[in-house]
Structure formats: C-alpha cells, structure tokens
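Everything below belongs to target-v5.txt, which stores compact mmCIF, C-alpha atoms.
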# COMPACT_ATOMS: atom_id res chain seq x y z
CA MET R 672 0.00 0.00 0.00
CA LYS R 673 2.82 2.38 0.88
CA GLY R 674 4.29 1.83 -2.57
CA ILE R 675 1.02 2.77 -4.25
CA ARG R 676 0.70 5.90 -2.12
CA ALA R 677 4.23 6.94 -2.96
CA LEU R 678 3.57 6.36 -6.65
CA PHE R 679 0.42 8.50 -6.57
CA LEU R 680 2.24 11.28 -4.73
CA ALA R 681 5.15 11.20 -7.15
CA VAL R 682 2.80 11.45 -10.15
CA ALA R 683 0.86 14.30 -8.54
CA LEU R 684 3.98 16.26 -7.62
CA HIS R 685 5.37 15.72 -11.10
CA ALA R 686 2.34 17.67 -12.38
CA VAL R 687 3.56 20.75 -10.46
CA PRO R 688 6.94 21.64 -11.97
CA ALA R 689 9.11 23.71 -9.64
CA SER R 690 9.61 26.39 -12.29
CA GLN R 691 5.89 27.10 -12.28
CA ALA R 692 5.64 27.62 -8.55
CA SER R 693 5.37 31.41 -8.74
CA ALA R 694 3.31 33.34 -11.26
CA ALA R 695 4.73 36.27 -13.19
CA ASP R 696 3.17 38.46 -10.59
CA LEU R 697 4.58 41.90 -9.91
CA GLN R 698 3.05 41.66 -6.42
CA PHE R 699 1.64 45.15 -6.16
CA GLY R 700 1.05 46.24 -2.57
CA PRO R 701 -1.50 48.60 -1.05
CA LEU R 702 -1.37 51.90 -2.94
CA ASP R 703 -0.95 54.00 0.20
CA GLN R 704 2.24 52.09 1.09
CA TYR R 705 4.13 53.41 -1.93
CA VAL R 706 6.29 56.49 -1.91
CA HIS R 707 5.49 57.19 -5.53
CA PHE R 708 3.39 55.40 -8.10
CA SER R 709 2.84 56.46 -11.68
CA PHE R 710 2.23 54.95 -15.07
CA ILE R 711 2.17 56.09 -18.66
CA LEU R 712 0.18 54.49 -21.47
CA ARG R 713 1.34 55.49 -24.92
CA ILE R 714 0.12 54.71 -28.42
CA GLU R 715 3.34 54.65 -30.41
CA SER R 716 3.83 54.90 -34.11
CA ASP R 717 6.59 56.19 -36.32
CA ASN R 718 4.82 59.54 -36.47
CA PRO R 719 5.79 62.37 -34.13
CA GLY R 720 3.29 63.53 -31.51
CA ASP R 721 2.14 60.15 -30.25
CA PRO R 722 -0.69 60.40 -27.70
CA SER R 723 -0.15 59.30 -24.13
CA LEU R 724 -2.11 59.17 -20.90
CA ARG R 725 0.00 59.87 -17.81
CA VAL R 726 -1.32 58.89 -14.43
CA GLY R 727 0.02 59.76 -11.00
CA LEU R 728 -1.66 58.03 -8.11
CA PRO R 729 -1.84 59.34 -4.54
CA THR R 730 0.43 57.62 -2.03
CA ARG R 731 0.91 58.24 1.69
CA ARG R 732 4.35 56.91 2.59
CA ASP R 733 6.13 60.20 2.02
CA PRO R 734 4.34 63.28 3.43
CA SER R 735 5.72 65.44 0.63
CA THR R 736 4.04 63.56 -2.23
CA PRO R 737 0.69 64.78 -3.60
CA LYS R 738 -2.36 63.34 -1.89
CA VAL R 739 -4.50 63.69 -4.97
CA GLY R 740 -4.10 61.64 -8.14
CA SER R 741 -4.07 63.10 -11.62
CA VAL R 742 -4.35 62.07 -15.24
CA GLN R 743 -2.90 64.02 -18.12
CA PHE R 744 -3.44 63.59 -21.82
CA VAL R 745 -0.28 64.52 -23.69
CA GLN R 746 0.07 64.84 -27.43
CA HIS R 747 2.57 66.62 -29.66
CA GLY R 748 4.76 67.02 -26.59
CA ARG R 749 2.23 69.19 -24.76
CA THR R 750 -0.25 68.50 -21.98
CA GLN R 751 -3.63 68.90 -23.67
CA ILE R 752 -5.86 67.86 -20.76
CA SER R 753 -5.19 67.62 -17.03
CA GLN R 754 -7.67 66.15 -14.61
CA LYS R 755 -7.57 65.44 -10.87
CA LEU R 756 -8.66 62.03 -9.62
CA ASP R 757 -10.68 61.35 -6.52
CA ALA R 758 -9.86 58.40 -4.25
CA GLN R 759 -12.27 56.03 -5.98
CA GLN R 760 -11.02 56.92 -9.46
CA SER R 761 -7.44 56.42 -8.27
CA GLN R 762 -8.28 52.95 -7.01
CA THR R 763 -10.04 52.17 -10.30
CA LEU R 764 -6.92 53.06 -12.26
CA TYR R 765 -4.69 51.21 -9.82
CA LYS R 766 -6.71 48.08 -10.51
CA ALA R 767 -6.60 48.78 -14.25
CA ILE R 768 -2.79 48.84 -14.35
CA GLN R 769 -2.60 45.68 -12.26
CA ALA R 770 -5.02 43.92 -14.63
CA LEU R 771 -2.99 45.07 -17.62
CA LEU R 772 0.27 43.64 -16.30
CA ALA R 773 -1.08 40.53 -14.56
CA ASP R 774 0.62 37.38 -15.80
CA TYR R 775 2.43 39.26 -18.57
CA VAL R 776 4.36 36.93 -20.83
CA LEU R 777 6.26 38.07 -23.90
CA ALA R 778 4.27 36.51 -26.71
CA PRO R 779 6.00 34.57 -29.45
CA PRO R 780 6.43 36.60 -32.63
CA PRO R 781 3.52 36.27 -35.07
CA LYS R 782 3.92 33.78 -37.92
CA ASN R 783 3.55 36.48 -40.52
CA ARG R 784 6.09 39.22 -40.23
CA VAL R 785 4.59 42.31 -38.63
CA SER R 786 5.49 45.65 -40.07
CA SER R 787 7.71 47.54 -37.69
CA SER R 788 5.60 50.61 -38.47
CA GLN R 789 2.38 49.18 -37.05
CA PRO R 790 1.05 50.93 -33.94
CA ARG R 791 2.44 49.76 -30.66
CA PHE R 792 1.17 50.27 -27.17
CA THR R 793 3.75 50.88 -24.48
CA VAL R 794 3.31 50.91 -20.74
CA PHE R 795 5.70 52.49 -18.29
CA VAL R 796 5.10 51.85 -14.60
CA GLY R 797 7.32 53.26 -11.90
CA THR R 798 7.63 53.39 -8.13
CA SER R 799 10.28 55.10 -6.03
CA ASP R 800 12.71 52.20 -6.59
CA GLU R 801 11.69 49.97 -9.49
CA SER R 802 10.29 50.66 -12.92
CA ALA R 803 9.42 48.69 -16.01
CA ASN R 804 8.32 49.11 -19.61
CA PHE R 805 6.20 46.71 -21.61
CA THR R 806 5.31 46.88 -25.30
CA PHE R 807 2.24 45.35 -26.90
CA VAL R 808 1.36 44.91 -30.58
CA LYS R 809 -2.03 44.33 -32.15
CA ASP R 810 -1.16 40.89 -33.51
CA GLN R 811 -0.86 39.58 -29.97
CA ALA R 812 -4.60 39.63 -29.52
CA SER R 813 -5.07 38.71 -25.87
CA GLN R 814 -2.50 41.19 -24.62
CA TRP R 815 -3.75 43.85 -27.02
CA LYS R 816 -7.24 43.45 -25.54
CA LYS R 817 -5.85 44.12 -22.07
CA ALA R 818 -4.01 47.16 -23.42
CA THR R 819 -7.18 48.61 -24.96
CA ASP R 820 -9.11 47.96 -21.74
CA ALA R 821 -6.51 49.86 -19.72
CA TRP R 822 -6.33 52.79 -22.18
CA ASN R 823 -10.10 53.10 -22.33
CA ALA R 824 -10.43 52.85 -18.53
CA VAL R 825 -8.15 55.87 -18.16
CA ARG R 826 -9.81 57.69 -21.06
CA ALA R 827 -13.20 57.24 -19.39
CA LEU R 828 -12.09 59.55 -16.58
CA ILE R 829 -11.46 62.47 -18.93
CA PRO R 830 -14.21 65.13 -18.58
CA LYS R 831 -17.05 64.67 -21.06
CA GLU R 832 -16.48 67.98 -22.79
CA GLN R 833 -12.90 66.97 -23.64
CA ILE R 834 -13.08 63.22 -24.09
CA GLU R 835 -13.47 63.42 -27.87
CA ASN R 836 -9.94 64.81 -28.05
CA VAL R 837 -8.54 61.56 -26.69
CA PRO R 838 -8.47 58.71 -29.21
CA VAL R 839 -10.20 55.43 -28.48
CA LEU R 840 -7.87 52.45 -28.67
CA MET B 805 -6.22 5.54 1.09
CA ARG B 806 -9.23 7.71 0.24
CA SER B 807 -7.50 10.81 1.59
CA PHE B 808 -4.44 10.00 -0.47
CA LEU B 809 -6.53 9.70 -3.61
CA LEU B 810 -8.07 13.09 -2.81
CA LEU B 811 -4.63 14.62 -2.28
CA PHE B 812 -3.48 13.12 -5.56
CA LEU B 813 -6.47 14.56 -7.38
CA VAL B 814 -6.02 18.03 -5.89
CA LEU B 815 -2.29 18.18 -6.65
CA PHE B 816 -2.72 16.78 -10.15
CA LEU B 817 -5.52 19.14 -11.12
CA PHE B 818 -3.68 22.08 -9.53
CA GLY B 819 -0.67 21.21 -11.64
CA LEU B 820 -2.69 21.04 -14.82
CA HIS B 821 -4.26 24.43 -14.22
CA LEU B 822 -1.09 26.37 -13.51
CA PRO B 823 -0.09 28.80 -16.26
CA VAL B 824 2.28 27.44 -18.88
CA SER B 825 4.89 30.02 -18.00
CA ALA B 826 5.64 31.41 -14.58
CA GLN B 827 7.82 34.28 -15.72
CA MET B 828 7.66 37.00 -18.36
CA LEU B 829 9.15 34.60 -20.90
CA GLY B 830 7.70 31.36 -22.22
CA LYS B 831 9.77 28.48 -23.49
CA LEU B 832 12.95 29.00 -25.47
CA GLU B 833 11.41 27.40 -28.56
CA ASP B 834 8.69 30.09 -28.52
CA TYR B 835 11.27 32.64 -29.60
CA PRO B 836 12.96 31.90 -32.93
CA GLU B 837 14.56 35.31 -32.64
CA LEU B 838 15.28 37.21 -29.46
CA PHE B 839 17.46 39.97 -28.14
CA ILE B 840 18.56 40.01 -24.47
CA ALA B 841 20.53 42.95 -23.16
CA ILE B 842 21.68 43.63 -19.62
CA HIS B 843 23.37 46.82 -18.51
CA TYR B 844 24.84 47.81 -15.17
CA GLN B 845 24.99 51.41 -13.98
CA LEU B 846 27.52 52.46 -11.37
CA PRO B 847 26.21 53.75 -8.00
CA ASP B 848 27.17 57.32 -8.82
CA GLY B 849 25.35 57.04 -12.14
CA SER B 850 28.45 58.18 -13.99
CA ALA B 851 28.65 55.36 -16.52
CA ASN B 852 27.41 51.94 -17.42
CA GLU B 853 28.63 48.80 -19.08
CA GLY B 854 26.61 46.09 -20.76
CA MET B 855 26.35 42.89 -22.67
CA GLN B 856 23.92 41.62 -25.27
CA LEU B 857 23.01 38.26 -26.70
CA SER B 858 20.78 37.75 -29.71
CA TRP B 859 19.93 34.81 -31.90
CA ARG B 860 18.06 33.89 -35.02
CA THR B 861 16.87 30.42 -35.98
CA SER B 862 15.36 28.71 -38.98
CA GLU B 863 13.35 25.49 -39.16
CA HIS B 864 16.65 23.67 -39.05
CA GLY B 865 18.03 25.28 -35.89
CA PHE B 866 20.26 28.18 -35.04
CA LEU B 867 21.39 30.40 -37.88
CA LYS B 868 23.19 33.08 -35.97
CA VAL B 869 24.12 33.80 -32.35
CA LYS B 870 25.64 37.18 -31.73
CA GLY B 871 27.25 38.64 -28.64
CA THR B 872 28.06 42.22 -27.86
CA VAL B 873 30.09 43.80 -25.08
CA HIS B 874 29.80 47.44 -24.17
CA PRO B 875 32.68 48.30 -21.84
CA ILE B 876 32.59 51.44 -19.70
CA LYS B 877 33.18 54.52 -21.83
CA GLN B 878 34.20 52.46 -24.83
CA PRO B 879 32.45 51.54 -28.08
CA MET B 880 30.45 48.33 -28.37
CA ILE B 881 32.07 45.26 -29.93
CA ASP B 882 30.07 42.54 -31.75
CA PHE B 883 31.14 38.95 -32.35
CA ASP B 884 29.73 35.51 -33.08
CA MET B 885 28.93 33.26 -30.13
CA PRO B 886 28.58 29.47 -29.80
CA MET B 887 24.99 28.22 -29.93
CA ALA B 888 25.41 26.41 -26.62
CA VAL B 889 25.28 29.67 -24.65
CA VAL B 890 21.70 30.49 -25.66
CA ALA B 891 19.69 28.07 -23.50
CA PRO B 892 21.41 28.72 -20.14
CA ILE B 893 21.39 32.50 -20.62
CA PHE B 894 17.74 32.44 -21.69
CA GLU B 895 16.87 30.48 -18.55
CA LYS B 896 18.70 33.00 -16.35
CA ALA B 897 16.85 35.89 -17.99
CA ARG B 898 13.60 34.00 -17.55
CA ASP B 899 14.32 33.36 -13.87
CA LEU B 900 15.13 37.02 -13.33
CA SER B 901 11.91 38.16 -15.01
CA GLY B 902 9.94 36.03 -12.56
CA LEU B 903 11.54 37.75 -9.58
CA PHE B 904 10.89 41.33 -10.62
CA ARG B 905 8.45 43.09 -8.29
CA LEU B 906 6.69 46.43 -8.02
CA GLN B 907 6.05 46.24 -4.30
CA PRO B 908 6.09 49.21 -1.91
CA PRO B 909 9.53 49.76 -0.36
CA ALA B 910 10.21 47.85 2.83
CA ASN B 911 12.01 50.85 4.33
CA TRP B 912 11.61 54.56 3.79
CA PRO B 913 13.58 56.70 3.39
CA SER B 914 15.62 54.05 1.57
CA LYS B 915 19.24 54.42 0.57
CA VAL B 916 18.63 54.02 -3.14
CA THR B 917 21.59 55.01 -5.28
CA ASN B 918 21.82 55.19 -9.04
CA GLU B 919 23.19 51.65 -9.11
CA MET B 920 20.97 49.40 -11.21
CA PHE B 921 20.78 46.56 -13.66
CA ASN B 922 18.63 47.14 -16.75
CA LEU B 923 17.28 44.04 -18.44
CA SER B 924 15.82 44.41 -21.90
CA VAL B 925 14.24 41.49 -23.76
CA SER B 926 12.68 42.04 -27.17
CA HIS B 927 11.83 40.58 -30.53
CA SER B 928 14.49 41.94 -32.84
CA GLY B 929 12.37 43.43 -35.58
CA LEU B 930 9.08 44.06 -33.82
CA LYS B 931 9.99 46.58 -31.18
CA THR B 932 8.04 44.39 -28.77
CA GLY B 933 9.31 43.30 -25.41
CA PHE B 934 9.92 44.43 -21.86
CA TYR B 935 12.48 46.46 -20.01
CA LEU B 936 13.09 46.19 -16.26
CA ILE B 937 15.10 48.33 -13.87
CA ILE B 938 16.37 46.24 -10.97
CA ARG B 939 17.80 47.68 -7.76
CA ARG B 940 19.28 46.22 -4.61
CA THR B 941 16.01 47.00 -2.82
CA ASN B 942 14.78 43.72 -4.35
CA PRO B 943 17.54 41.34 -3.23
CA ASP B 944 16.15 38.26 -5.02
CA ALA B 945 15.92 40.00 -8.37
CA TRP B 946 19.31 41.65 -7.82
CA THR B 947 20.98 38.32 -7.11
CA ALA B 948 19.37 36.82 -10.23
CA ALA B 949 20.51 39.81 -12.29
CA ALA B 950 24.08 39.46 -11.01
CA LYS B 951 23.97 35.75 -11.82
CA LEU B 952 22.78 36.44 -15.36
CA TRP B 953 25.45 39.13 -15.72
CA ASN B 954 28.32 36.94 -14.52
CA ASP B 955 27.20 33.90 -16.52
CA LEU B 956 26.84 35.96 -19.68
CA ARG B 957 30.27 37.47 -19.06
CA THR B 958 31.76 34.01 -18.60
CA SER B 959 30.19 32.94 -21.91
CA MET B 960 31.99 35.70 -23.80
CA PRO B 961 35.26 35.01 -25.61
CA PRO B 962 38.21 35.63 -23.25
CA ALA B 963 39.42 38.72 -25.08
CA ASN B 964 36.00 40.37 -24.81
CA ARG B 965 35.30 39.13 -21.29
CA GLU B 966 38.26 41.08 -19.94
CA SER B 967 36.64 44.41 -20.76
CA ILE B 968 33.59 43.68 -18.56
CA HIS B 969 33.68 43.58 -14.76
CA GLU B 970 32.13 40.88 -12.59
CA ARG B 971 29.22 42.15 -10.50
CA ASN B 972 27.73 41.01 -7.22
Re-express the file's structure as structure tokens.
Amino acid sequence: MKGIRALFLAVALHAVPASQASAADLQFGPLDQYVHFSFILRIESDNPGDPSLRVGLPTRRDPSTPKVGSVQFVQHGRTQISQKLDAQQSQTLYKAIQALLADYVLAPPPKNRVSSSQPRFTVFVGTSDESANFTFVKDQASQWKKATDAWNAVRALIPKEQIENVPVL
Amino acid sequence: MRSFLLLFLVLFLFGLHLPVSAQMLGKLEDYPELFIAIHYQLPDGSANEGMQLSWRTSEHGFLKVKGTVHPIKQPMIDFDMPMAVVAPIFEKARDLSGLFRLQPPANWPSKVTNEMFNLSVSHSGLKTGFYLIIRRTNPDAWTAAAKLWNDLRTSMPPANRESIHERN
C-alpha cells in the first residue's frame, strides 16, 4: 500500500513543476504604502506627436508627495488635458494597471512578419525604486485586448467635454 | 487511502491548471529570434557597461548567435557566439523576469543610489518586449541579475570578457 501511495504522490507532484511555482506576478502592494506610483500608457507609431495618458496616483508613505491623483493627456509634446482624480477613481486606475500587467508573458512573434511601423502600445510603470516598460502589438490579440481595456479605462475619466480629443484604442 | 486519492487529485488538477509560463518569458522554442541585453549602472550614475546576446533560428536550428560587449566609456564590440550559450542564458533571464516586483519599499527613506541593472528582452524586428530596472532594494531579483550578468560574461570570448567587470 505504501508503494502505491508513494507512486500516486510522485505522479501528482510531477504535475507541479518547480519552475511554475510562482506566477509572473509583480506583487503590487496597497497603494498607500508606496512612496510614488505612476504609469504612462502610450500609443506609439513612427509619427511624431504620439498620444499618451500619464497617471500619477496618490500615495501616503512620504508626506511630501501629492495626496490627490491626476491624469494628463499629452500629445505633440504638450499637456492637452489635465484632470484630478478622486480616491475612488485612483483605485479604479490602480486596478486597471494591475489587470494590464497581470501574468504578462512576452508573446512569441507572429507567424507572418509584422510591419515595424504598425502601432504599438507601451506601458511604463514606476515606483520610487523599481520601474518597467512593456510593449504590446495588435497581432498579440489577448494582450492587445488588455491594453485597450486599460487605455479606455483611463480615457473614461477624462471630462465629457474633452473626451473626444482623446483617441479610443 | 481515500484521503491519499483526494490529495493526488487536488495536486494533479492544480498542476494542470497552472499557467504554462511562470515568468515574463515562455519556453525557449517560442522565440525563434530574441534579443537580451543587460546593462549595469555604477552607484554614482556616472557610466554603465553592458552585454547583449541575440539569436536567429530557422526550421533547421540556429542560424546566428551574436554577442556584444559594451565596456565602460568604450564603443560596443560585436562577435559571433557558440549556440550552446543560448539556452542557459535564456533560462537566467527568464528566472530574473519572474523575480521582478513592483512592491512598496520595505524601508523609507531608503538608501537608493543610481546603481541598477537594466534588463531588456525584445523581438528583434518588432519593437516588442519588456524592459526592467532592478535595484538592490529587491535582493532576489538583484541576485538573479548578477547571476545572469556573470554567466553571460563568462560565456563571452576571453578577449572580450576582460573588458567587462564581474558584479555582485
């Protein structure tokens, strides 16, 4: 009987490879525990003046950092729209960036060669210590969907009278 | 015996439902072309040095493996590399990507200097990939970055290796 039990256990444990024990999880913490937290979503092309949405979220670790979040729409190198975020909106966007980067895996290149001039979506996320950039392309459908969700979640917080100036992704 | 069967079932099903990849990179064979670059910046931020590894395959295997060293304040040098270096370096980069975190700092104010490793992994022609800045505030990722750095350095031809410093 012991032999059978050991065999079962060995088979079961074999199904959990050690290299898969931790997900590609950036392990975000509570927002108020950061010293600084910001992210930038950018639609990139080979044309100048690419649009971007820049988000700063309120943190509480350092008394000198702003206690109110903000979102800015930047295009042609200038801030076109600037909007403050309330606490609930800040949390909404904090969840949006976490959803965008959850379980990120660099996708294999598409079978058909993608033009290097096709639009790309880049994400910068930074804290006081670490920062990272991720690029997404439309051919990688599942990740592109997450990118569009994140962009449109931020866009939705732009005031109604100005929202038409921000492209939909 | 019944409890053992239950344990078996739970572990087996858990194993089947885990994601295929645990890090930011999948399997080596998913990437017929890839570019891995790691740079180190000195604590005073005055300069950096770096190394790169890239490869291209066809249906028949590796076509080209290229290495590059970028010594401090010197031009970059390119050279061909043996194919055998690809798999272990890819695995180190993959391990490192799985240790990168965006957690709140454990201590504040922290003594963060300009010292950092930068890891860049991308598809050569697609401008698609990721770029991570790793600091000593994340000791696990830092140790993995230093391991990748030193292993990549060791893989370089002796003449090129001498122009790059070991890092810990």
Item to complete: Name all residues at most 8 Å from Leu906 (chain B) (count only C-alpha atoms; drop same-chain ones fewer than 4 positions away) and give them as JSON, numbers by chain.
Response: {"R": [697, 698, 699, 700, 797, 798, 801, 802]}
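The space between CA of Phe934 (chain B) and CA of Pro701 (chain R) spans 24.1 Å.
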Discussion item. I'd like the contact shell of Val794 (chain R) - 12 Å cut-off, only C-alpha atoms, skipping same-chain residues fewer than 2 positions apart - returned as an MDAnalysis selection string.
Written reply: (chainID R and resid 709:715 723:726 768:769 771:772 775 791:792 796:797 802:808 814:815 817:819 821:822) or (chainID B and resid 932:936)
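Across the structure, CA of Pro780 (chain R) and CA of Val889 (chain B) are spaced 21.6 Å apart.
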Worksheet item: Of the candidates B:Glu970, B:Glu919, B:Asp955, B:Asp884, which one gets nearest to chain R if we count only C-alpha atoms?
Response: B:Glu919
Worksheet item: So, counting all atoms listed in the file, which residue among B:Ser901, B:Ser858, B:Gln878, B:Gln845 is closest to chain R?
Response: B:Ser901
With all atoms of region 808-823 of chain R from the file as input, state the centre and edge lengths in Å to one decimal of the axis-aligned box that has 3 Å extra on each side, as AutoDock Vina command-line options.
--center_x -4.4 --center_y 45.9 --center_z -26.6 --size_x 17.5 --size_y 20.4 --size_z 19.8
Discussion item. When you count only C-alpha atoms, which of these residues is closest to chain B: R:Ile834, R:Val825, R:Val739, R:Ala773?
Written reply: R:Ala773
Would you list the contacts of region 754-757 of chain R as a compact mmCIF listing (two decimals) with C-alpha atoms, in the frame of the given file, taking every protein, DNA or RNA residue within 7 Å and counting all atoms listed in the file, but skipping same-chain residues closer than 3 positions in sequence?
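What ended up in out03.txt:
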# COMPACT_ATOMS: atom_id res chain seq x y z
CA VAL R 739 -4.50 63.69 -4.97
CA GLY R 740 -4.10 61.64 -8.14
CA SER R 741 -4.07 63.10 -11.62
CA VAL R 742 -4.35 62.07 -15.24
CA GLN R 743 -2.90 64.02 -18.12
CA GLN R 760 -11.02 56.92 -9.46
CA SER R 761 -7.44 56.42 -8.27
CA ILE R 829 -11.46 62.47 -18.93
Worksheet item: Could you pull the residues within 8 Å of His874 (chain B), counting only C-alpha atoms, minus those fewer than 3 positions along the same chain, as a ChimeraX atom specification?
Response: /B:853-855,878-881,968
Worksheet item: With only C-alpha atoms as the atoms that count, which of B:Pro886, B:Pro962, B:Pro909, B:Gly865 lies nearest to chain R?
Response: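 Using only C-alpha atoms, the shortest distance to chain R belongs to B:Pro909.
Between CA of Tyr844 (chain B) and CA of Asn954 (chain B) lies a distance of 11.4 Å.
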Worksheet item: R:Val776, R:Pro838, R:Phe795, R:Asp820: which is nearest Asp834 (chain B), counting all atoms listed in the file?
Response: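 Using all atoms listed in the file, Asp834 (chain B) sits closest to R:Val776.
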Item to complete: Pick out the residues sitting within 10 Å of Gln704 (chain R), and hand them over as an MDAnalysis selection string; count all atoms listed in the file, and ignore anything fewer than 3 positions along from it in its own chain.
Response: (chainID R and resid 700:701 707:708 730:733) or (chainID B and resid 907:910)
Worksheet entry | Given only C-alpha atoms as the counted atoms, nearest of R:Gly748, R:Pro737, R:Gly720, R:Pro790 to chain B | R:Pro790
Would you save region 782-837 of chain R to a file, keeping C-alpha atoms, as a JSON list (two decimals), in the first residue's frame?
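Output file decode_29.json follows:
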[["chain", "number", "residue", "atom", "x", "y", "z"],
["R", 782, "LYS", "CA", 3.92, 33.78, -37.92],
["R", 783, "ASN", "CA", 3.55, 36.48, -40.52],
["R", 784, "ARG", "CA", 6.09, 39.22, -40.23],
["R", 785, "VAL", "CA", 4.59, 42.31, -38.63],
["R", 786, "SER", "CA", 5.49, 45.65, -40.07],
["R", 787, "SER", "CA", 7.71, 47.54, -37.69],
["R", 788, "SER", "CA", 5.60, 50.61, -38.47],
["R", 789, "GLN", "CA", 2.38, 49.18, -37.05],
["R", 790, "PRO", "CA", 1.05, 50.93, -33.94],
["R", 791, "ARG", "CA", 2.44, 49.76, -30.66],
["R", 792, "PHE", "CA", 1.17, 50.27, -27.17],
["R", 793, "THR", "CA", 3.75, 50.88, -24.48],
["R", 794, "VAL", "CA", 3.31, 50.91, -20.74],
["R", 795, "PHE", "CA", 5.70, 52.49, -18.29],
["R", 796, "VAL", "CA", 5.10, 51.85, -14.60],
["R", 797, "GLY", "CA", 7.32, 53.26, -11.90],
["R", 798, "THR", "CA", 7.63, 53.39, -8.13],
["R", 799, "SER", "CA", 10.28, 55.10, -6.03],
["R", 800, "ASP", "CA", 12.71, 52.20, -6.59],
["R", 801, "GLU", "CA", 11.69, 49.97, -9.49],
["R", 802, "SER", "CA", 10.29, 50.66, -12.92],
["R", 803, "ALA", "CA", 9.42, 48.69, -16.01],
["R", 804, "ASN", "CA", 8.32, 49.11, -19.61],
["R", 805, "PHE", "CA", 6.20, 46.71, -21.61],
["R", 806, "THR", "CA", 5.31, 46.88, -25.30],
["R", 807, "PHE", "CA", 2.24, 45.35, -26.90],
["R", 808, "VAL", "CA", 1.36, 44.91, -30.58],
["R", 809, "LYS", "CA", -2.03, 44.33, -32.15],
["R", 810, "ASP", "CA", -1.16, 40.89, -33.51],
["R", 811, "GLN", "CA", -0.86, 39.58, -29.97],
["R", 812, "ALA", "CA", -4.60, 39.63, -29.52],
["R", 813, "SER", "CA", -5.07, 38.71, -25.87],
["R", 814, "GLN", "CA", -2.50, 41.19, -24.62],
["R", 815, "TRP", "CA", -3.75, 43.85, -27.02],
["R", 816, "LYS", "CA", -7.24, 43.45, -25.54],
["R", 817, "LYS", "CA", -5.85, 44.12, -22.07],
["R", 818, "ALA", "CA", -4.01, 47.16, -23.42],
["R", 819, "THR", "CA", -7.18, 48.61, -24.96],
["R", 820, "ASP", "CA", -9.11, 47.96, -21.74],
["R", 821, "ALA", "CA", -6.51, 49.86, -19.72],
["R", 822, "TRP", "CA", -6.33, 52.79, -22.18],
["R", 823, "ASN", "CA", -10.10, 53.10, -22.33],
["R", 824, "ALA", "CA", -10.43, 52.85, -18.53],
["R", 825, "VAL", "CA", -8.15, 55.87, -18.16],
["R", 826, "ARG", "CA", -9.81, 57.69, -21.06],
["R", 827, "ALA", "CA", -13.20, 57.24, -19.39],
["R", 828, "LEU", "CA", -12.09, 59.55, -16.58],
["R", 829, "ILE", "CA", -11.46, 62.47, -18.93],
["R", 830, "PRO", "CA", -14.21, 65.13, -18.58],
["R", 831, "LYS", "CA", -17.05, 64.67, -21.06],
["R", 832, "GLU", "CA", -16.48, 67.98, -22.79],
["R", 833, "GLN", "CA", -12.90, 66.97, -23.64],
["R", 834, "ILE", "CA", -13.08, 63.22, -24.09],
["R", 835, "GLU", "CA", -13.47, 63.42, -27.87],
["R", 836, "ASN", "CA", -9.94, 64.81, -28.05],
["R", 837, "VAL", "CA", -8.54, 61.56, -26.69]]
